[in-house]
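**Q** Contents are compact mmCIF, C-alpha atoms; file name input15.txt:
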```txt
# COMPACT_ATOMS: atom_id res chain seq x y z
CA MET B 24 -34.57 -57.81 84.95
CA LEU B 25 -37.53 -56.45 86.89
CA PHE B 26 -37.68 -53.43 84.58
CA LEU B 27 -37.61 -55.61 81.46
CA LYS B 28 -40.28 -57.89 82.91
CA LEU B 29 -42.52 -54.92 83.73
CA PHE B 30 -41.88 -53.46 80.29
CA ARG B 31 -42.76 -56.73 78.56
CA GLU B 32 -45.93 -57.27 80.61
CA SER B 33 -47.01 -53.67 80.05
CA PHE B 34 -46.72 -54.08 76.30
CA ILE B 35 -48.72 -57.30 76.48
CA PHE B 36 -51.46 -55.68 78.60
CA ALA B 37 -51.52 -52.56 76.41
CA PHE B 38 -51.90 -54.45 73.16
CA ASP B 39 -54.45 -56.75 74.80
CA ALA B 40 -56.47 -53.63 75.74
CA LEU B 41 -56.20 -52.41 72.16
CA ARG B 42 -57.39 -55.76 70.80
CA GLN B 43 -60.30 -56.21 73.18
CA ASN B 44 -61.57 -52.63 73.22
CA ARG B 45 -60.70 -51.28 69.80
CA THR B 46 -63.34 -48.56 69.56
CA ARG B 47 -62.84 -47.28 73.12
CA THR B 48 -59.06 -47.32 72.75
CA PHE B 49 -59.14 -45.65 69.33
CA LEU B 50 -61.30 -42.77 70.57
CA SER B 51 -59.10 -42.30 73.62
CA LEU B 52 -55.86 -42.37 71.65
CA LEU B 53 -57.30 -39.99 69.06
CA GLY B 54 -56.88 -37.03 71.40
CA ILE B 55 -53.21 -37.86 72.03
CA THR B 56 -52.63 -38.40 68.31
CA ILE B 57 -54.25 -35.09 67.30
CA GLY B 58 -52.46 -33.21 70.08
CA ILE B 59 -49.02 -34.56 69.20
CA PHE B 60 -49.72 -34.02 65.49
CA THR B 61 -50.73 -30.38 66.09
CA ILE B 62 -47.83 -29.48 68.35
CA ILE B 63 -45.12 -31.20 66.31
CA THR B 64 -46.52 -29.89 63.03
CA VAL B 65 -46.40 -26.33 64.36
CA PHE B 66 -42.86 -26.80 65.71
CA ALA B 67 -41.64 -28.45 62.50
CA ALA B 68 -43.18 -25.72 60.34
CA VAL B 69 -41.83 -22.96 62.60
CA ASP B 70 -38.33 -24.49 62.67
CA THR B 71 -38.34 -24.85 58.89
CA PHE B 72 -39.51 -21.31 58.19
CA ARG B 73 -37.24 -19.93 60.90
CA GLY B 74 -34.28 -21.67 59.27
CA ASN B 75 -35.21 -20.38 55.81
CA LEU B 76 -35.73 -16.85 57.08
CA GLN B 77 -32.51 -16.94 59.06
CA THR B 78 -30.67 -18.02 55.91
CA SER B 79 -32.15 -14.98 54.18
CA VAL B 80 -31.14 -12.73 57.06
CA ASP B 81 -27.61 -14.19 57.06
CA LYS B 82 -27.21 -13.07 53.45
CA LEU B 83 -27.35 -9.52 54.75
CA GLY B 84 -24.33 -10.20 56.95
CA SER B 85 -24.02 -10.71 60.71
CA LYS B 86 -21.29 -8.04 60.95
CA THR B 87 -23.06 -5.58 58.66
CA VAL B 88 -24.76 -2.30 59.63
CA TYR B 89 -27.03 -0.36 57.25
CA ILE B 90 -27.22 3.43 57.53
CA GLN B 91 -30.69 4.43 56.34
CA LYS B 92 -33.44 6.94 56.88
CA TRP B 93 -36.02 4.51 58.29
CA PRO B 94 -35.49 1.97 61.09
CA TRP B 95 -36.32 -1.72 60.67
CA GLY B 96 -37.62 -2.14 64.19
CA GLY B 97 -40.62 0.22 64.03
CA PHE B 98 -41.12 3.77 65.22
CA GLY B 99 -41.40 3.17 68.98
CA ASP B 100 -42.11 6.42 70.83
CA TYR B 101 -40.48 8.50 68.10
CA PRO B 102 -43.16 10.30 65.99
CA TRP B 103 -43.31 9.05 62.40
CA TRP B 104 -43.37 12.57 61.02
CA LYS B 105 -39.89 13.16 62.45
CA TYR B 106 -38.63 10.26 60.35
CA MET B 107 -40.07 12.01 57.32
CA GLN B 108 -37.90 15.05 58.08
CA ARG B 109 -34.70 13.03 58.27
CA PRO B 110 -32.16 13.43 55.45
CA ASN B 111 -31.30 10.41 53.32
CA ALA B 112 -27.93 8.77 53.44
CA ASN B 113 -25.87 10.78 50.96
CA LEU B 114 -22.52 10.74 49.19
CA ARG B 115 -21.08 13.33 51.58
CA ASP B 116 -21.75 10.99 54.51
CA PHE B 117 -20.27 8.11 52.51
CA GLU B 118 -17.03 9.91 51.66
CA ALA B 119 -16.61 11.19 55.22
CA LEU B 120 -17.16 7.72 56.73
CA LYS B 121 -14.58 6.08 54.45
CA GLY B 122 -11.77 8.09 56.00
CA ARG B 123 -12.86 7.94 59.67
CA LEU B 124 -14.02 4.41 60.49
CA THR B 125 -11.54 2.10 62.19
CA THR B 126 -13.79 -0.92 62.81
CA ALA B 127 -14.96 -1.24 59.19
CA GLU B 128 -13.67 -3.84 56.76
CA ALA B 129 -15.55 -2.27 53.85
CA ILE B 130 -18.13 0.42 53.14
CA SER B 131 -20.40 0.91 50.12
CA PHE B 132 -23.13 3.24 48.89
CA GLU B 133 -26.15 1.63 47.24
CA VAL B 134 -29.39 2.72 45.58
CA GLY B 135 -32.30 0.86 44.02
CA LEU B 136 -33.41 2.36 40.72
CA SER B 137 -36.77 0.54 40.87
CA ASN B 138 -38.09 -1.85 38.22
CA ARG B 139 -36.93 -1.20 34.68
CA THR B 140 -37.14 -2.72 31.21
CA LEU B 141 -34.06 -4.39 29.72
CA LYS B 142 -33.58 -4.98 26.01
CA TYR B 143 -31.23 -7.07 23.91
CA LYS B 144 -32.01 -7.14 20.19
CA SER B 145 -35.57 -8.55 19.95
CA ASN B 146 -35.59 -9.85 23.55
CA SER B 147 -36.82 -7.71 26.43
CA ILE B 148 -37.56 -8.17 30.12
CA GLU B 149 -39.85 -5.95 32.17
CA GLY B 150 -39.73 -5.48 35.91
CA ALA B 151 -35.98 -6.06 36.37
CA ARG B 152 -34.64 -4.69 39.65
CA VAL B 153 -31.92 -2.21 38.70
CA SER B 154 -29.47 -1.20 41.42
CA ALA B 155 -26.25 0.77 41.57
CA ALA B 156 -23.42 0.47 44.07
CA SER B 157 -19.93 1.73 44.79
CA GLN B 158 -16.79 -0.35 44.39
CA ASP B 159 -16.81 -2.23 47.72
CA TYR B 160 -20.30 -3.66 47.24
CA ASN B 161 -18.73 -7.09 46.66
CA LYS B 162 -17.20 -6.85 50.16
CA THR B 163 -20.29 -5.66 52.03
CA PHE B 164 -22.78 -8.10 50.48
CA ASN B 165 -22.56 -11.88 50.06
CA PHE B 166 -22.88 -13.14 46.48
CA ASP B 167 -21.16 -15.37 43.91
CA LEU B 168 -20.73 -15.06 40.15
CA SER B 169 -21.50 -17.96 37.80
CA GLU B 170 -19.62 -16.32 34.94
CA GLY B 171 -17.61 -13.20 34.27
CA ARG B 172 -16.17 -10.86 36.88
CA TYR B 173 -16.91 -7.95 39.21
CA PHE B 174 -16.26 -4.26 38.45
CA THR B 175 -12.66 -3.11 38.47
CA GLU B 176 -11.78 -0.05 40.53
CA ASN B 177 -11.17 1.94 37.35
CA GLU B 178 -14.62 0.98 35.99
CA SER B 179 -16.27 2.07 39.24
CA ASN B 180 -14.39 5.35 39.50
CA SER B 181 -14.88 6.35 35.87
CA GLY B 182 -18.52 5.21 35.73
CA SER B 183 -17.99 2.80 32.83
CA PRO B 184 -21.10 1.48 31.05
CA VAL B 185 -20.84 -2.06 32.43
CA CYS B 186 -23.19 -4.22 34.51
CA ILE B 187 -23.67 -7.54 36.30
CA ILE B 188 -27.00 -9.31 35.82
CA GLY B 189 -28.92 -12.02 37.66
CA ALA B 190 -29.42 -15.58 36.43
CA ASP B 191 -33.08 -15.04 35.49
CA LEU B 192 -32.20 -11.97 33.44
CA ALA B 193 -29.40 -13.84 31.68
CA ASP B 194 -31.76 -16.71 30.80
CA GLY B 195 -34.43 -14.32 29.53
CA LEU B 196 -32.18 -12.09 27.43
CA PHE B 197 -29.63 -14.64 26.25
CA PRO B 198 -31.26 -18.08 26.05
CA ASN B 199 -28.65 -20.78 25.42
CA GLN B 200 -25.96 -18.11 25.09
CA THR B 201 -23.12 -16.71 27.14
CA ALA B 202 -24.16 -13.39 28.66
CA THR B 203 -20.76 -11.80 29.24
CA GLY B 204 -19.60 -9.49 26.49
CA LYS B 205 -23.13 -8.73 25.25
CA GLU B 206 -24.58 -5.20 25.29
CA ILE B 207 -28.04 -4.52 26.67
CA LYS B 208 -30.09 -1.35 26.90
CA VAL B 209 -31.15 -0.02 30.30
CA LEU B 210 -32.12 3.50 31.45
CA GLY B 211 -31.85 4.55 27.80
CA ARG B 212 -28.15 3.62 27.65
CA ARG B 213 -26.21 0.67 26.31
CA VAL B 214 -24.14 -1.19 28.87
CA GLN B 215 -21.92 -4.25 28.57
CA VAL B 216 -22.57 -7.37 30.65
CA ILE B 217 -19.33 -8.34 32.41
CA GLY B 218 -20.71 -10.87 34.92
CA VAL B 219 -23.69 -13.00 35.95
CA PHE B 220 -24.76 -13.60 39.55
CA ALA B 221 -24.98 -17.25 40.58
CA ARG B 222 -28.56 -18.47 40.82
CA GLU B 223 -29.93 -18.16 44.36
CA GLY B 224 -33.67 -18.73 44.06
CA GLU B 225 -36.30 -16.52 45.68
CA ASP B 226 -36.13 -16.71 49.47
CA LEU B 227 -38.74 -15.82 52.06
CA LEU B 228 -37.48 -12.24 52.47
CA GLY B 229 -37.19 -11.67 48.74
CA VAL B 230 -33.41 -11.29 49.07
CA SER B 231 -32.21 -12.61 45.70
CA SER B 232 -30.01 -11.37 42.89
CA ASP B 233 -31.69 -13.52 40.20
CA ASN B 234 -33.76 -10.62 38.86
CA THR B 235 -31.24 -7.86 39.60
CA LEU B 236 -29.02 -5.74 37.36
CA LEU B 237 -26.13 -3.99 39.13
CA LEU B 238 -24.47 -0.85 37.76
CA PRO B 239 -21.45 1.14 38.99
CA LEU B 240 -22.66 4.00 41.17
CA ASN B 241 -20.74 6.64 39.20
CA PHE B 242 -22.45 5.52 35.98
CA ALA B 243 -25.90 5.71 37.56
CA ARG B 244 -25.32 9.14 39.13
CA ASN B 245 -24.91 10.61 35.62
CA LEU B 246 -28.45 9.45 34.80
CA VAL B 247 -30.44 9.89 38.03
CA ASP B 248 -30.20 11.66 41.38
CA VAL B 249 -28.82 8.81 43.47
CA GLU B 250 -29.46 10.76 46.69
CA SER B 251 -33.20 11.07 46.00
CA ASP B 252 -35.59 9.55 48.48
CA ARG B 253 -37.35 7.61 45.70
CA TYR B 254 -34.27 5.42 45.20
CA GLY B 255 -33.80 4.49 48.87
CA PRO B 256 -30.09 5.35 49.24
CA GLN B 257 -28.22 3.52 51.97
CA ILE B 258 -24.67 3.15 53.24
CA THR B 259 -23.60 -0.38 54.10
CA VAL B 260 -20.74 -1.00 56.52
CA ARG B 261 -19.24 -4.43 57.17
CA GLY B 262 -17.15 -4.67 60.32
CA LYS B 263 -13.82 -6.36 60.74
CA ASP B 264 -13.85 -9.90 62.14
CA LYS B 265 -12.14 -8.87 65.38
CA TYR B 266 -14.94 -6.42 66.24
CA SER B 267 -18.49 -7.25 67.24
CA VAL B 268 -21.40 -5.72 65.38
CA ASP B 269 -22.17 -3.66 68.51
CA ASP B 270 -18.65 -2.16 68.36
CA VAL B 271 -19.17 -1.25 64.70
CA GLU B 272 -22.57 0.25 65.48
CA SER B 273 -21.21 2.26 68.39
CA GLU B 274 -18.42 3.80 66.31
CA LEU B 275 -20.80 4.46 63.42
CA ARG B 276 -23.23 6.32 65.65
CA GLY B 277 -20.51 8.57 67.02
CA VAL B 278 -18.96 9.30 63.62
CA MET B 279 -22.33 9.92 61.94
CA ARG B 280 -23.40 12.33 64.67
CA SER B 281 -20.10 14.16 64.20
CA ILE B 282 -20.44 14.29 60.41
CA ARG B 283 -23.99 15.65 60.62
CA ARG B 284 -23.10 17.98 63.51
CA ILE B 285 -25.84 16.69 65.82
CA ARG B 286 -25.82 18.28 69.27
CA PRO B 287 -25.47 15.94 72.28
CA THR B 288 -29.05 16.62 73.42
CA ASP B 289 -30.61 15.97 69.98
CA ASP B 290 -31.83 12.62 68.66
CA ASP B 291 -30.14 10.80 65.80
CA ASN B 292 -31.41 11.80 62.36
CA PHE B 293 -30.42 8.45 60.85
CA ALA B 294 -31.13 4.77 61.50
CA LEU B 295 -28.51 2.07 62.07
CA ASN B 296 -30.11 -1.22 61.02
CA LYS B 297 -28.61 -4.67 61.51
CA THR B 298 -29.70 -8.26 61.10
CA THR B 299 -30.15 -8.81 64.84
CA ILE B 300 -33.19 -6.51 64.63
CA LEU B 301 -34.81 -8.83 62.09
CA SER B 302 -33.77 -11.91 64.07
CA GLY B 303 -35.34 -10.48 67.23
CA GLN B 304 -38.61 -9.74 65.43
CA LEU B 305 -38.64 -13.25 63.94
CA ASP B 306 -38.10 -14.77 67.39
CA GLN B 307 -41.08 -12.82 68.75
CA LEU B 308 -43.29 -13.85 65.84
CA PHE B 309 -42.41 -17.52 66.03
CA GLY B 310 -42.69 -17.46 69.81
CA ILE B 311 -46.35 -16.43 69.44
CA VAL B 312 -46.93 -19.19 66.87
CA ASN B 313 -45.34 -21.75 69.21
CA VAL B 314 -47.61 -20.68 72.07
CA ALA B 315 -50.65 -20.97 69.78
CA GLY B 316 -49.53 -24.48 68.81
CA TRP B 317 -49.16 -25.47 72.46
CA ILE B 318 -52.63 -24.13 73.29
CA ILE B 319 -54.39 -25.84 70.38
CA GLY B 320 -52.50 -29.10 70.80
CA GLY B 321 -52.77 -28.88 74.58
CA PHE B 322 -56.57 -29.10 74.51
CA SER B 323 -56.40 -32.23 72.37
CA ILE B 324 -53.80 -33.78 74.64
CA LEU B 325 -55.89 -32.88 77.70
CA VAL B 326 -58.90 -34.69 76.23
CA GLY B 327 -56.67 -37.60 75.26
CA GLY B 328 -55.20 -37.70 78.75
CA PHE B 329 -58.65 -38.04 80.30
CA GLY B 330 -59.38 -40.79 77.78
CA ILE B 331 -56.24 -42.68 78.77
CA ALA B 332 -57.12 -42.29 82.45
CA ASN B 333 -60.58 -43.68 81.71
CA ILE B 334 -59.09 -46.69 79.93
CA MET B 335 -56.80 -47.34 82.87
CA PHE B 336 -59.61 -47.15 85.45
CA VAL B 337 -61.64 -49.60 83.38
CA SER B 338 -58.58 -51.83 83.00
CA VAL B 339 -58.04 -51.83 86.78
CA LYS B 340 -61.69 -52.74 87.39
CA GLU B 341 -61.60 -55.55 84.82
CA ARG B 342 -58.42 -57.04 86.29
CA THR B 343 -59.14 -56.51 90.00
CA ASN B 344 -59.24 -60.25 90.78
CA ILE B 345 -55.94 -60.74 88.89
CA ILE B 346 -54.41 -57.98 90.99
CA GLY B 347 -55.61 -59.81 94.13
CA ILE B 348 -54.03 -63.07 92.96
CA GLN B 349 -50.74 -61.28 92.17
CA LYS B 350 -50.68 -59.70 95.62
CA SER B 351 -51.49 -62.99 97.34
CA LEU B 352 -48.50 -64.53 95.55
CA GLY B 353 -46.21 -61.81 96.92
CA ALA B 354 -46.37 -59.00 94.37
CA LYS B 355 -45.40 -55.68 95.96
CA ASN B 356 -47.46 -52.53 95.68
CA TYR B 357 -44.82 -50.80 93.55
CA PHE B 358 -44.88 -53.75 91.13
CA ILE B 359 -48.64 -53.34 90.61
CA LEU B 360 -48.29 -49.56 90.36
CA MET B 361 -45.47 -49.77 87.79
CA GLN B 362 -47.35 -52.38 85.80
CA PHE B 363 -50.36 -50.13 85.21
CA LEU B 364 -48.26 -46.98 84.92
CA PHE B 365 -46.19 -48.56 82.17
CA GLU B 366 -49.36 -49.61 80.42
CA ALA B 367 -50.60 -46.00 80.38
CA ILE B 368 -47.24 -44.82 79.07
CA VAL B 369 -47.28 -47.46 76.32
CA LEU B 370 -50.79 -46.42 75.27
CA CYS B 371 -49.74 -42.76 75.10
CA LEU B 372 -46.61 -43.70 73.18
CA ILE B 373 -48.76 -45.51 70.62
CA GLY B 374 -50.89 -42.38 70.19
CA GLY B 375 -47.77 -40.20 70.02
CA MET B 376 -46.06 -42.44 67.46
CA ILE B 377 -49.18 -42.40 65.30
CA GLY B 378 -49.18 -38.58 65.52
CA LEU B 379 -45.49 -38.43 64.58
CA GLY B 380 -46.15 -40.82 61.70
CA VAL B 381 -48.90 -38.58 60.37
CA VAL B 382 -46.57 -35.55 60.68
CA TYR B 383 -43.89 -37.42 58.74
CA LEU B 384 -46.36 -38.28 55.98
CA ALA B 385 -47.46 -34.64 55.89
CA THR B 386 -43.83 -33.52 55.43
CA LEU B 387 -43.44 -35.94 52.52
CA VAL B 388 -46.63 -34.63 50.89
CA ALA B 389 -45.49 -31.02 51.37
CA THR B 390 -42.00 -31.76 50.01
CA TYR B 391 -42.87 -33.85 46.98
CA GLY B 392 -46.40 -32.65 46.29
CA PHE B 393 -46.08 -28.90 46.81
CA ASP B 394 -42.29 -28.42 46.65
CA LEU B 395 -42.38 -27.00 50.19
CA LYS B 396 -39.64 -28.56 52.25
CA ILE B 397 -40.60 -29.06 55.91
CA VAL B 398 -38.10 -30.89 58.08
CA LEU B 399 -39.09 -33.19 60.94
CA ASP B 400 -35.84 -33.08 62.88
CA LYS B 401 -34.59 -35.19 65.78
CA GLY B 402 -35.47 -32.52 68.34
CA ASN B 403 -39.15 -32.53 67.42
CA ILE B 404 -39.28 -36.33 67.42
CA ILE B 405 -37.79 -36.40 70.92
CA ARG B 406 -40.23 -33.66 71.97
CA GLY B 407 -43.20 -35.68 70.72
CA ILE B 408 -42.07 -38.85 72.48
CA SER B 409 -41.34 -36.95 75.69
CA ILE B 410 -44.78 -35.33 75.71
CA SER B 411 -46.37 -38.76 75.21
CA VAL B 412 -44.43 -40.23 78.13
CA ILE B 413 -45.31 -37.30 80.41
CA ILE B 414 -49.02 -37.53 79.53
CA GLY B 415 -48.87 -41.29 80.15
CA ILE B 416 -47.36 -40.78 83.60
CA ILE B 417 -49.90 -38.09 84.55
CA SER B 418 -52.92 -39.97 83.16
CA GLY B 419 -51.92 -43.36 84.50
CA PHE B 420 -50.63 -42.50 87.95
CA TRP B 421 -53.93 -42.31 89.84
CA PRO B 422 -55.44 -45.49 88.32
CA ALA B 423 -52.14 -47.29 88.96
CA PHE B 424 -52.00 -45.96 92.52
CA SER B 425 -55.60 -47.12 93.10
CA ALA B 426 -54.69 -50.60 91.82
CA ALA B 427 -51.63 -50.78 94.07
CA ARG B 428 -53.72 -49.95 97.17
CA LEU B 429 -56.31 -52.70 96.60
CA ASP B 430 -56.76 -55.22 99.45
CA PRO B 431 -55.78 -58.66 98.05
CA VAL B 432 -58.65 -60.54 99.76
CA GLU B 433 -61.30 -58.06 98.56
CA ALA B 434 -59.72 -57.98 95.12
CA ILE B 435 -59.83 -61.81 94.74
CA ARG B 436 -63.53 -61.89 95.77
CA SER B 437 -64.47 -59.25 93.18
CA LYS B 438 -66.02 -60.26 89.86
```
Could the structure of this file be written out as structure tokens, please?
**A**
Amino acid sequence: MLFLKLFRESFIFAFDALRQNRTRTFLSLLGITIGIFTIITVFAAVDTFRGNLQTSVDKLGSKTVYIQKWPWGGFGDYPWWKYMQRPNANLRDFEALKGRLTTAEAISFEVGLSNRTLKYKSNSIEGARVSAASQDYNKTFNFDLSEGRYFTENESNSGSPVCIIGADLADGLFPNQTATGKEIKVLGRRVQVIGVFAREGEDLLGVSSDNTLLLPLNFARNLVDVESDRYGPQITVRGKDKYSVDDVESELRGVMRSIRRIRPTDDDNFALNKTTILSGQLDQLFGIVNVAGWIIGGFSILVGGFGIANIMFVSVKERTNIIGIQKSLGAKNYFILMQFLFEAIVLCLIGGMIGLGVVYLATLVATYGFDLKIVLDKGNIIRGISISVIIGIISGFWPAFSAARLDPVEAIRSK
């Protein structure tokens, strides 16, 4: 009952302060509002982009390791020119790995044949991403088909002139038509469309099959040198569910060193890339952004906190005789302290709620005005309210403590 009474009186005093001193209160709350708005906006934007990027990273597979020439994590202390001397992932490595890995669920060899022009009758598309992959590509990479089917083993082994195309390519070449069964021209050859990738949309990492044409590796190797550095050859290994990605990586490193006959004292001449490398880099990047948000918003909150403290000192001075009367009627020191402390918290909560309201409006504008979805989740709302309460406690404690220590006789005599 005491808590509810204090809470009710604090709200009454807080709103009375707002009504009587609108300009002073508005300027003081402005700092809290701007601070909460800045911090929560940064956190909401970071959480949204982190989620979108993580979704893109997850497409690459959490149990997947990529054998490539260049590492994803940077050069470190290893000279860049040594990376230039490394051999590319090649078909000999691929064939040797297939028979020696025990932790792998599937393994595929992939190349990107750069941007090419596709033609179907009078329709053509420029800049299509043409890739080629071995049979188990559908097991090492996550994708769905909206129509048609994947390559059969016989088509992959014999290098049949067949392909799977992305949704954007299907719409551009075959408007209002079924794509499967049609023949298109690519790399100077005619190939039959046997499937269409389900539409994914462009994500933040550019990982999308919408503008991609996929060929069987054995068909592509008759047209280009699939081991050439210009096509970025890579071997993709997806581990079995019962093994961790570190187990898969450890076995891969040992087998690859054996295949390439690397001496124990020599460095690896290949890179083993995995999604945890990207996730770690994203965490570092967003950690810096979060710190920047705290610093920028912290200055605004600091100014707002001093403003709230100023309001509370003025409020104590204006109500000194009331405090004396309350004490003479038996009010305890903690009652006076809690009364003013709650008032400071309520004032900060008002500023914080206004800041959260502005953030919410900003998310609506971004979502419906710019088609950029930013989510204000429960965690950020709780964070904003918590910061407001903490600032209220810090800003209001000393004024409240000063009010609680007033002598009742002196307080009543004051004007």
**Q** Give the answer as one residue: which of B:Leu295, B:Leu168, B:Ile377, B:Leu364 has the shortest atom-to-atom distance to Ser425 of chain B, using all atoms listed in the file?
**A** B:Leu364
**Q** Interatomic distance between atom CA of Thr235 of chain B and atom CA of Glu149 of chain B?
**A**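 Computing it gives 11.5 Å between the two atoms.
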**Q** Just the number, please: distance in Å from atom CA of Asn403 of chain B to atom CA of Phe363 of chain B, one decimal.
**A**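 Between atom CA of Asn403 of chain B and atom CA of Phe363 of chain B the gap is 27.4 Å.
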**Q** Write out as a list in words each polymer residue whose atoms come within 9 Å of Gly171 of chain B, counting all atoms listed in the file; drop sequence neighbours fewer than 2 positions from it.
**A**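 Listed by chain and then number, they are Leu168, Ser169, Tyr173, Ile187, Ala202, Thr203, Gly204, Val216, Ile217, Gly218, Val219 and Phe220 of chain B.
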**Q** List every protein, DNA or RNA residue with an atom no more than 12 Å from (-54.3, -24.7, 66.9) in the file's coordinates, counting all atoms listed in the file, and format the result as a list in words.
**A** Ile57, Gly58, Ile59, Phe60, Thr61, Ile62, Ile63, Thr64, Val65, Phe66, Ile311, Val312, Asn313, Val314, Ala315, Gly316, Trp317, Ile318, Ile319, Gly320, Gly321, Phe322, Ser323 and Ile324 of chain B
**Q** For Ile282 of chain B, work out the shell of residues within 12 Å, counting only C-alpha atoms and skipping chain neighbours fewer than 4 positions away, then give it as number ranges by chain.
**A** B: 112-124, 275-278, 286, 291-293
**Q** For Phe329 of chain B, find every residue with an atom within 12 Å (counting only C-alpha atoms), except residues of its own chain fewer than 3 positions away, and show them as a list in words.
**A**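 With the cut-off at 12 Å, the set is Thr48, Leu50, Ser51, Leu52, Leu53, Gly54, Ile55, Phe322, Ser323, Ile324, Leu325, Val326, Ala332, Asn333, Ile334, Met335, Phe336, Ala367, Cys371, Ile414, Gly415, Ile417, Ser418, Gly419, Phe420, Trp421 and Pro422 of chain B.
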**Q** With a distance cut-off of 8 Å and all atoms listed in the file, select the neighbouring residues of Asn296 of chain B, excluding the residue or stretch itself and same-chain residues fewer than 3 positions from it, and output the selection as a ChimeraX atom specification.
**A** /B:88-91,94-95,300
**Q** Go through B:Leu196, B:Leu210, B:Ala389, B:Leu429 and flag the residue nearest Ser351 of chain B, using all atoms listed in the file for the distances.
**A**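 Smallest distance to Ser351 of chain B is found for B:Leu429.
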**Q** Counting only C-alpha atoms, which residue out of B:Glu272, B:Ile285, B:Lys205, B:Thr175 sits closest to Val260 of chain B?
**A**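 Among B:Glu272, B:Ile285, B:Lys205, B:Thr175, it is B:Glu272 that comes nearest to Val260 of chain B.
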**Q** Could you state the separation of atom CA of Glu223 of chain B and atom CA of Asp400 of chain B in Å, given to one decimal place?
**A**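 Value for the atom CA of Glu223 of chain B-atom CA of Asp400 of chain B distance: 24.5 Å.
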**Q** With only C-alpha atoms as the basis for distance, which of B:Leu238, B:Met107, B:Ala155, B:Ile397 is at the shortest distance from Asp252 of chain B?
**A**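 For Asp252 of chain B, the nearest of the given residues is B:Met107.
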